[in-house]
>>> print(open('target-v9.pdb').read())   # PDB, C-alpha atoms
ATOM      1  CA  MET A  24      87.921  56.534 134.591  1.00  0.00           C
ATOM      2  CA  PRO A  25      88.782  59.060 137.332  1.00  0.00           C
ATOM      3  CA  ILE A  26      91.276  61.884 136.810  1.00  0.00           C
ATOM      4  CA  GLU A  27      94.321  61.740 139.057  1.00  0.00           C
ATOM      5  CA  ILE A  28      95.665  65.084 140.317  1.00  0.00           C
ATOM      6  CA  VAL A  29      98.102  66.293 142.988  1.00  0.00           C
ATOM      7  CA  CYS A  30      97.323  69.140 145.369  1.00  0.00           C
ATOM      8  CA  GLY A  31      99.796  71.960 144.847  1.00  0.00           C
ATOM      9  CA  GLN A  32      99.545  72.996 148.498  1.00  0.00           C
ATOM     10  CA  CYS A  33      99.993  69.791 150.492  1.00  0.00           C
ATOM     11  CA  GLY A  34     101.089  67.318 147.764  1.00  0.00           C
ATOM     12  CA  LYS A  35      98.256  64.835 148.444  1.00  0.00           C
ATOM     13  CA  ARG A  36      97.211  62.628 145.505  1.00  0.00           C
ATOM     14  CA  LEU A  37      93.553  63.044 144.645  1.00  0.00           C
ATOM     15  CA  ARG A  38      91.060  61.430 142.276  1.00  0.00           C
ATOM     16  CA  ALA A  39      88.311  63.428 140.642  1.00  0.00           C
ATOM     17  CA  PRO A  40      85.420  62.124 138.551  1.00  0.00           C
ATOM     18  CA  ASP A  41      85.378  62.781 134.778  1.00  0.00           C
ATOM     19  CA  SER A  42      82.517  65.230 135.274  1.00  0.00           C
ATOM     20  CA  ALA A  43      84.878  67.560 137.247  1.00  0.00           C
ATOM     21  CA  ALA A  44      87.213  68.057 134.261  1.00  0.00           C
ATOM     22  CA  GLY A  45      87.996  71.739 133.680  1.00  0.00           C
ATOM     23  CA  LYS A  46      86.577  72.797 137.043  1.00  0.00           C
ATOM     24  CA  THR A  47      88.122  73.753 140.363  1.00  0.00           C
ATOM     25  CA  ALA A  48      87.848  71.292 143.243  1.00  0.00           C
ATOM     26  CA  GLN A  49      88.761  71.593 146.924  1.00  0.00           C
ATOM     27  CA  CYS A  50      91.489  69.434 148.496  1.00  0.00           C
ATOM     28  CA  PRO A  51      89.929  67.416 151.367  1.00  0.00           C
ATOM     29  CA  ALA A  52      93.181  67.538 153.360  1.00  0.00           C
ATOM     30  CA  CYS A  53      94.149  71.230 153.283  1.00  0.00           C
ATOM     31  CA  LYS A  54      91.016  72.814 151.744  1.00  0.00           C
ATOM     32  CA  ALA A  55      93.133  74.505 149.010  1.00  0.00           C
ATOM     33  CA  PRO A  56      91.555  74.981 145.547  1.00  0.00           C
ATOM     34  CA  VAL A  57      92.852  72.471 142.977  1.00  0.00           C
ATOM     35  CA  GLU A  58      92.211  72.780 139.238  1.00  0.00           C
ATOM     36  CA  VAL A  59      91.124  69.557 137.543  1.00  0.00           C
ATOM     37  CA  PRO A  60      92.656  69.324 134.052  1.00  0.00           C
ATOM     38  CA  LEU A  61      90.572  68.692 130.934  1.00  0.00           C
ATOM     39  CA  LEU A  62      90.363  65.208 129.516  1.00  0.00           C
ATOM     40  CA  MET A  63      92.435  64.515 126.414  1.00  0.00           C
ATOM     41  CA  ALA A  64      89.285  63.684 124.453  1.00  0.00           C
ATOM     42  CA  GLU A  65      88.002  67.230 125.061  1.00  0.00           C
ATOM     43  CA  LEU A  66      91.218  68.777 123.755  1.00  0.00           C
ATOM     44  CA  VAL A  67      91.037  67.017 120.385  1.00  0.00           C
ATOM     45  CA  ASP A  68      88.723  68.448 117.720  1.00  0.00           C
ATOM     46  CA  PRO A  69      85.994  66.101 116.543  1.00  0.00           C
ATOM     47  CA  PRO A  70      86.367  64.802 112.973  1.00  0.00           C
ATOM     48  CA  PRO A  71      84.782  67.012 110.317  1.00  0.00           C
ATOM     49  CA  VAL A  72      81.318  66.080 109.152  1.00  0.00           C
ATOM     50  CA  GLN A  73      81.245  64.964 105.523  1.00  0.00           C
ATOM     51  CA  PRO A  74      78.584  66.807 103.514  1.00  0.00           C
ATOM     52  CA  ALA A  75      75.959  64.785 101.724  1.00  0.00           C
ATOM     53  CA  GLY A  76      76.171  64.980  97.942  1.00  0.00           C
ATOM     54  CA  PRO A  77      78.951  66.197  95.660  1.00  0.00           C
ATOM     55  CA  VAL A  78      81.554  68.547  97.084  1.00  0.00           C
ATOM     56  CA  PRO A  79      82.253  71.691  94.995  1.00  0.00           C
ATOM     57  CA  LEU A  80      85.928  71.898  94.036  1.00  0.00           C
ATOM     58  CA  ASP A  81      87.733  74.839  95.597  1.00  0.00           C
ATOM     59  CA  TYR A  82      90.452  75.590  93.064  1.00  0.00           C
ATOM     60  CA  GLN A  83      92.292  78.072  95.266  1.00  0.00           C
ATOM     61  CA  ALA A  84      92.489  75.619  98.166  1.00  0.00           C
ATOM     62  CA  ALA A  85      93.694  72.877  95.799  1.00  0.00           C
ATOM     63  CA  TYR A  86      96.698  74.951  94.762  1.00  0.00           C
ATOM     64  CA  LYS A  87      97.594  76.199  98.261  1.00  0.00           C
ATOM     65  CA  SER A  88     100.601  74.562  99.834  1.00  0.00           C
ATOM     66  CA  PRO A  89      99.626  72.799 103.077  1.00  0.00           C
ATOM     67  CA  ILE A  90     103.058  73.610 104.524  1.00  0.00           C
ATOM     68  CA  GLU A  91     103.253  77.313 103.698  1.00  0.00           C
ATOM     69  CA  PRO A  92     101.019  79.471 105.900  1.00  0.00           C
ATOM     70  CA  ARG A  93      98.648  81.853 104.192  1.00  0.00           C
ATOM     71  CA  ARG A  94     100.317  85.188 103.647  1.00  0.00           C
ATOM     72  CA  ARG A  95      98.354  88.400 103.427  1.00  0.00           C
ATOM     73  CA  PRO A  96      99.320  90.630 100.539  1.00  0.00           C
ATOM     74  CA  PRO A  97     100.896  93.869 101.758  1.00  0.00           C
ATOM     75  CA  THR A  98      98.589  96.849 101.859  1.00  0.00           C
ATOM     76  CA  ASN A  99     101.341  99.184 100.676  1.00  0.00           C
ATOM     77  CA  LEU A 100     103.152  98.217  97.467  1.00  0.00           C
ATOM     78  CA  GLY A 101     106.467  99.393  98.944  1.00  0.00           C
ATOM     79  CA  ASP A 102     106.212  96.839 101.769  1.00  0.00           C
ATOM     80  CA  ASP A 103     106.609  93.871  99.413  1.00  0.00           C
ATOM     81  CA  ALA A 104     110.304  92.991  99.019  1.00  0.00           C
ATOM     82  CA  ALA A 105     109.787  91.348  95.626  1.00  0.00           C
ATOM     83  CA  ILE A 106     108.175  94.478  94.195  1.00  0.00           C
ATOM     84  CA  ARG A 107     110.959  96.646  95.637  1.00  0.00           C
ATOM     85  CA  LEU A 108     113.519  94.516  93.761  1.00  0.00           C
ATOM     86  CA  LEU A 109     111.801  95.275  90.459  1.00  0.00           C
ATOM     87  CA  LEU A 110     110.492  98.805  90.950  1.00  0.00           C
ATOM     88  CA  PRO A 111     111.719 101.757  92.994  1.00  0.00           C
ATOM     89  CA  VAL A 112     108.502 101.784  95.048  1.00  0.00           C
ATOM     90  CA  GLY A 113     108.772 103.381  98.487  1.00  0.00           C
ATOM     91  CA  ARG A 114     112.466 104.097  97.956  1.00  0.00           C
ATOM     92  CA  SER A 115     114.088 107.411  98.703  1.00  0.00           C
ATOM     93  CA  GLY A 116     114.879 109.402  95.559  1.00  0.00           C
ATOM     94  CA  LEU A 117     118.168 110.467  97.093  1.00  0.00           C
ATOM     95  CA  ALA A 118     119.051 106.796  97.652  1.00  0.00           C
ATOM     96  CA  ILE A 119     118.421 106.033  93.989  1.00  0.00           C
ATOM     97  CA  ALA A 120     120.569 108.992  92.950  1.00  0.00           C
ATOM     98  CA  ALA A 121     123.317 107.963  95.398  1.00  0.00           C
ATOM     99  CA  GLY A 122     123.329 104.422  94.022  1.00  0.00           C
ATOM    100  CA  TYR A 123     123.680 105.495  90.402  1.00  0.00           C
ATOM    101  CA  SER A 124     126.261 108.156  91.173  1.00  0.00           C
ATOM    102  CA  GLY A 125     128.141 105.496  93.158  1.00  0.00           C
ATOM    103  CA  LEU A 126     128.287 103.416  89.984  1.00  0.00           C
ATOM    104  CA  PHE A 127     129.651 106.355  88.011  1.00  0.00           C
ATOM    105  CA  ALA A 128     132.114 107.202  90.817  1.00  0.00           C
ATOM    106  CA  VAL A 129     134.528 104.769  89.136  1.00  0.00           C
ATOM    107  CA  LEU A 130     135.188 107.597  86.681  1.00  0.00           C
ATOM    108  CA  CYS A 131     136.501 109.583  89.706  1.00  0.00           C
ATOM    109  CA  PHE A 132     135.024 113.014  88.988  1.00  0.00           C
ATOM    110  CA  PRO A 133     131.432 112.058  90.100  1.00  0.00           C
ATOM    111  CA  ALA A 134     132.816 110.512  93.308  1.00  0.00           C
ATOM    112  CA  PRO A 135     132.331 113.591  95.537  1.00  0.00           C
ATOM    113  CA  ILE A 136     128.765 113.862  94.225  1.00  0.00           C
ATOM    114  CA  ALA A 137     128.149 110.222  95.205  1.00  0.00           C
ATOM    115  CA  LEU A 138     129.629 110.935  98.630  1.00  0.00           C
ATOM    116  CA  VAL A 139     127.328 113.895  99.243  1.00  0.00           C
ATOM    117  CA  LEU A 140     124.252 112.126  97.860  1.00  0.00           C
ATOM    118  CA  GLY A 141     124.982 109.051 100.032  1.00  0.00           C
ATOM    119  CA  ILE A 142     125.106 111.194 103.175  1.00  0.00           C
ATOM    120  CA  LEU A 143     121.910 113.050 102.227  1.00  0.00           C
ATOM    121  CA  ALA A 144     120.119 109.773 101.400  1.00  0.00           C
ATOM    122  CA  ILE A 145     121.023 108.206 104.748  1.00  0.00           C
ATOM    123  CA  ARG A 146     119.746 111.299 106.572  1.00  0.00           C
ATOM    124  CA  ASP A 147     116.537 111.213 104.505  1.00  0.00           C
ATOM    125  CA  ILE A 148     115.898 107.519 105.257  1.00  0.00           C
ATOM    126  CA  ARG A 149     116.532 108.020 108.974  1.00  0.00           C
ATOM    127  CA  ARG A 150     114.078 110.930 109.060  1.00  0.00           C
ATOM    128  CA  HIS A 151     111.426 108.954 107.142  1.00  0.00           C
ATOM    129  CA  PRO A 152     111.574 105.332 108.392  1.00  0.00           C
ATOM    130  CA  LYS A 153     108.923 104.191 105.875  1.00  0.00           C
ATOM    131  CA  LYS A 154     111.306 104.893 102.982  1.00  0.00           C
ATOM    132  CA  HIS A 155     113.583 102.154 101.704  1.00  0.00           C
ATOM    133  CA  GLY A 156     116.942 102.207  99.932  1.00  0.00           C
ATOM    134  CA  MET A 157     119.509 102.179 102.727  1.00  0.00           C
ATOM    135  CA  GLY A 158     121.647  99.709 100.753  1.00  0.00           C
ATOM    136  CA  ARG A 159     121.820 102.041  97.757  1.00  0.00           C
ATOM    137  CA  ALA A 160     122.620 104.985 100.007  1.00  0.00           C
ATOM    138  CA  ILE A 161     125.470 103.120 101.725  1.00  0.00           C
ATOM    139  CA  PHE A 162     126.761 101.902  98.347  1.00  0.00           C
ATOM    140  CA  GLY A 163     126.864 105.484  97.072  1.00  0.00           C
ATOM    141  CA  LEU A 164     128.600 106.620 100.265  1.00  0.00           C
ATOM    142  CA  VAL A 165     131.274 103.890 100.166  1.00  0.00           C
ATOM    143  CA  MET A 166     131.969 104.295  96.438  1.00  0.00           C
ATOM    144  CA  GLY A 167     132.069 108.059  96.896  1.00  0.00           C
ATOM    145  CA  ILE A 168     134.624 107.768  99.709  1.00  0.00           C
ATOM    146  CA  LEU A 169     136.814 105.256  97.860  1.00  0.00           C
ATOM    147  CA  PHE A 170     136.981 107.056  94.558  1.00  0.00           C
ATOM    148  CA  THR A 171     137.248 110.507  96.128  1.00  0.00           C
ATOM    149  CA  LEU A 172     140.385 109.187  97.827  1.00  0.00           C
ATOM    150  CA  VAL A 173     141.607 107.775  94.487  1.00  0.00           C
ATOM    151  CA  MET A 174     140.916 111.120  92.796  1.00  0.00           C
ATOM    152  CA  ALA A 175     142.708 112.971  95.619  1.00  0.00           C
ATOM    153  CA  GLY A 176     145.699 110.633  95.185  1.00  0.00           C
ATOM    154  CA  PHE A 177     145.820 111.345  91.447  1.00  0.00           C
ATOM    155  CA  LEU A 178     145.564 115.082  92.088  1.00  0.00           C
ATOM    156  CA  LEU A 179     148.355 114.983  94.685  1.00  0.00           C
ATOM    157  CA  ALA A 180     150.531 112.942  92.324  1.00  0.00           C
ATOM    158  CA  ALA A 181     149.883 115.419  89.512  1.00  0.00           C
ATOM    159  CA  ILE A 182     150.686 118.369  91.774  1.00  0.00           C
ATOM    160  CA  ALA A 183     153.868 116.681  92.984  1.00  0.00           C
ATOM    161  CA  GLU A 184     154.901 115.963  89.375  1.00  0.00           C
ATOM    162  CA  THR A 185     154.224 119.573  88.420  1.00  0.00           C
ATOM    163  CA  ILE A 186     156.283 120.878  91.324  1.00  0.00           C
ATOM    164  CA  LYS A 187     159.034 118.381  90.624  1.00  0.00           C
ATOM    165  CA  GLY A 188     159.074 119.168  86.887  1.00  0.00           C
ATOM    166  CA  GLY A 189     159.062 122.932  87.485  1.00  0.00           C
ATOM    167  CA  ARG A 190     162.474 122.936  89.231  1.00  0.00           C
TER     168      ARG A 190
END
>>> encode(input="target-v9.pdb", output="structure tokens")
Amino acid sequence: MPIEIVCGQCGKRLRAPDSAAGKTAQCPACKAPVEVPLLMAELVDPPPVQPAGPVPLDYQAAYKSPIEPRRRPPTNLGDDAAIRLLLPVGRSGLAIAAGYSGLFAVLCFPAPIALVLGILAIRDIRRHPKKHGMGRAIFGLVMGILFTLVMAGFLLAAIAETIKGGR
């Protein structure tokens, strides 16, 4: 069955034999080169050959999901998100300290420490892009800002009460 093609130069309809599939032909009208597409049968893989005799069972292939593509394990332990959830691998030490001090910032007096550690942790992570922990650093920064403001409000109220009571 001949392959029907159209010349891209002059628009003439041409027929090429099956043996010309995948090759370049010349248009008889305008002499422009025309590529003959491959046959559909050549694009499809042939069916796999069944081996003679019993097939050894591949246990790993049996448990692989056909939908999920094969995933390479990360070469660096800190690159795996699941490991980073469990262990502080690849995380900035300042980010860890900022996160914990952000938790204790609720007590107000560690709030300025959380603020400073959050700023230092963000600078450290930006300087070393391979380190993780930006979320902890931002948490420490935000908690440090909030509770430093709360502490400043309490201090201003106490000072105002002292001044007011001293009259």
>>> residues_around(input="target-v9.pdb", residues="region 133-149 of chain A", least_positions_apart="2", cutoff="12 Å", atoms="all atoms listed in the file", output="count of residues only")
44
>>> closest_residue(input="target-v9.pdb", among="A:Leu109, A:Cys33, A:Leu179, A:Ile28", to="Glu58 (chain A)", atoms="all atoms listed in the file")
A:Ile28
>>> axis_aligned_box(input="target-v9.pdb", around="region 129-144 of chain A", padding_each_side="5 Å", output="JSON")
{"center_x": 128.3, "center_y": 109.3, "center_z": 94.9, "size_x": 26.4, "size_y": 19.1, "size_z": 26.5}
>>> closest_residue(input="target-v9.pdb", among="A:Glu184, A:Ile106, A:Gln32, A:Leu178", to="Ala55 (chain A)", atoms="only C-alpha atoms")
A:Gln32
>>> atom_distance(input="target-v9.pdb", atom1="CA of Cys30 (chain A)", atom2="CA of Val57 (chain A)")
6.1 Å
>>> atom_distance(input="target-v9.pdb", atom1="CA of Cys50 (chain A)", atom2="CA of Leu62 (chain A)")
19.5 Å
>>> atom_distance(input="target-v9.pdb", atom1="CA of Lys54 (chain A)", atom2="CA of Arg36 (chain A)")
13.5 Å
>>> closest_residue(input="target-v9.pdb", among="A:Phe132, A:Lys35, A:Ile182, A:Pro25", to="Pro60 (chain A)", atoms="only C-alpha atoms")
A:Pro25
>>> resolve_selection(input="target-v9.pdb", expression="the PyMOL selection byres ((chain A and resi 44) around 12)", output="list of chain:residue names")
A:Met24, A:Pro25, A:Ile26, A:Glu27, A:Ile28, A:Arg38, A:Ala39, A:Pro40, A:Asp41, A:Ser42, A:Ala43, A:Gly45, A:Lys46, A:Thr47, A:Ala48, A:Val57, A:Glu58, A:Val59, A:Pro60, A:Leu61, A:Leu62, A:Met63, A:Ala64, A:Glu65, A:Leu66
>>> write_last_selection(input="target-v9.pdb", atoms="C-alpha atoms", output="PDB file, in the coordinates of the input")
ATOM      1  CA  MET A  24      87.921  56.534 134.591  1.00  0.00           C
ATOM      2  CA  PRO A  25      88.782  59.060 137.332  1.00  0.00           C
ATOM      3  CA  ILE A  26      91.276  61.884 136.810  1.00  0.00           C
ATOM      4  CA  GLU A  27      94.321  61.740 139.057  1.00  0.00           C
ATOM      5  CA  ILE A  28      95.665  65.084 140.317  1.00  0.00           C
ATOM      6  CA  ARG A  38      91.060  61.430 142.276  1.00  0.00           C
ATOM      7  CA  ALA A  39      88.311  63.428 140.642  1.00  0.00           C
ATOM      8  CA  PRO A  40      85.420  62.124 138.551  1.00  0.00           C
ATOM      9  CA  ASP A  41      85.378  62.781 134.778  1.00  0.00           C
ATOM     10  CA  SER A  42      82.517  65.230 135.274  1.00  0.00           C
ATOM     11  CA  ALA A  43      84.878  67.560 137.247  1.00  0.00           C
ATOM     12  CA  GLY A  45      87.996  71.739 133.680  1.00  0.00           C
ATOM     13  CA  LYS A  46      86.577  72.797 137.043  1.00  0.00           C
ATOM     14  CA  THR A  47      88.122  73.753 140.363  1.00  0.00           C
ATOM     15  CA  ALA A  48      87.848  71.292 143.243  1.00  0.00           C
ATOM     16  CA  VAL A  57      92.852  72.471 142.977  1.00  0.00           C
ATOM     17  CA  GLU A  58      92.211  72.780 139.238  1.00  0.00           C
ATOM     18  CA  VAL A  59      91.124  69.557 137.543  1.00  0.00           C
ATOM     19  CA  PRO A  60      92.656  69.324 134.052  1.00  0.00           C
ATOM     20  CA  LEU A  61      90.572  68.692 130.934  1.00  0.00           C
ATOM     21  CA  LEU A  62      90.363  65.208 129.516  1.00  0.00           C
ATOM     22  CA  MET A  63      92.435  64.515 126.414  1.00  0.00           C
ATOM     23  CA  ALA A  64      89.285  63.684 124.453  1.00  0.00           C
ATOM     24  CA  GLU A  65      88.002  67.230 125.061  1.00  0.00           C
ATOM     25  CA  LEU A  66      91.218  68.777 123.755  1.00  0.00           C
TER      26      LEU A  66
END
>>> build_atoms(input="target-v9.pdb", residues="region 51-64 of chain A", atoms="N, CA, C and O atoms", output="mmCIF file, in the coordinates of the input")
data_model
loop_
_atom_site.group_PDB
_atom_site.id
_atom_site.type_symbol
_atom_site.label_atom_id
_atom_site.label_comp_id
_atom_site.auth_asym_id
_atom_site.auth_seq_id
_atom_site.Cartn_x
_atom_site.Cartn_y
_atom_site.Cartn_z
ATOM 1 N N PRO A 51 90.538 67.780 150.089
ATOM 2 C CA PRO A 51 89.929 67.416 151.367
ATOM 3 C C PRO A 51 90.900 67.537 152.542
ATOM 4 O O PRO A 51 90.473 67.704 153.673
ATOM 5 N N ALA A 52 92.210 67.495 152.264
ATOM 6 C CA ALA A 52 93.181 67.538 153.360
ATOM 7 C C ALA A 52 93.445 68.960 153.830
ATOM 8 O O ALA A 52 93.386 69.250 155.023
ATOM 9 N N CYS A 53 93.758 69.873 152.886
ATOM 10 C CA CYS A 53 94.149 71.230 153.283
ATOM 11 C C CYS A 53 93.151 72.290 152.873
ATOM 12 O O CYS A 53 93.365 73.475 153.133
ATOM 13 N N LYS A 54 92.087 71.917 152.187
ATOM 14 C CA LYS A 54 91.016 72.814 151.744
ATOM 15 C C LYS A 54 91.478 73.843 150.702
ATOM 16 O O LYS A 54 90.826 74.864 150.498
ATOM 17 N N ALA A 55 92.625 73.600 150.044
ATOM 18 C CA ALA A 55 93.133 74.505 149.010
ATOM 19 C C ALA A 55 92.412 74.218 147.690
ATOM 20 O O ALA A 55 92.058 73.078 147.408
ATOM 21 N N PRO A 56 92.182 75.233 146.849
ATOM 22 C CA PRO A 56 91.555 74.981 145.547
ATOM 23 C C PRO A 56 92.534 74.274 144.610
ATOM 24 O O PRO A 56 93.713 74.611 144.540
ATOM 25 N N VAL A 57 92.043 73.257 143.908
ATOM 26 C CA VAL A 57 92.852 72.471 142.977
ATOM 27 C C VAL A 57 92.125 72.438 141.638
ATOM 28 O O VAL A 57 90.943 72.103 141.586
ATOM 29 N N GLU A 58 92.821 72.808 140.562
ATOM 30 C CA GLU A 58 92.211 72.780 139.238
ATOM 31 C C GLU A 58 92.300 71.380 138.663
ATOM 32 O O GLU A 58 93.362 70.769 138.654
ATOM 33 N N VAL A 59 91.181 70.883 138.161
ATOM 34 C CA VAL A 59 91.124 69.557 137.543
ATOM 35 C C VAL A 59 91.347 69.765 136.045
ATOM 36 O O VAL A 59 90.613 70.519 135.412
ATOM 37 N N PRO A 60 92.375 69.107 135.474
ATOM 38 C CA PRO A 60 92.656 69.324 134.052
ATOM 39 C C PRO A 60 91.573 68.716 133.165
ATOM 40 O O PRO A 60 90.831 67.831 133.572
ATOM 41 N N LEU A 61 91.508 69.223 131.913
ATOM 42 C CA LEU A 61 90.572 68.692 130.934
ATOM 43 C C LEU A 61 91.003 67.305 130.500
ATOM 44 O O LEU A 61 92.178 66.956 130.545
ATOM 45 N N LEU A 62 90.057 66.520 130.065
ATOM 46 C CA LEU A 62 90.363 65.208 129.516
ATOM 47 C C LEU A 62 90.980 65.375 128.135
ATOM 48 O O LEU A 62 90.695 66.343 127.430
ATOM 49 N N MET A 63 91.805 64.449 127.725
ATOM 50 C CA MET A 63 92.435 64.515 126.414
ATOM 51 C C MET A 63 91.401 64.479 125.291
ATOM 52 O O MET A 63 91.565 65.094 124.261
ATOM 53 N N ALA A 64 90.320 63.775 125.486
ATOM 54 C CA ALA A 64 89.285 63.684 124.453
ATOM 55 C C ALA A 64 88.637 65.043 124.216
ATOM 56 O O ALA A 64 88.206 65.345 123.116
#
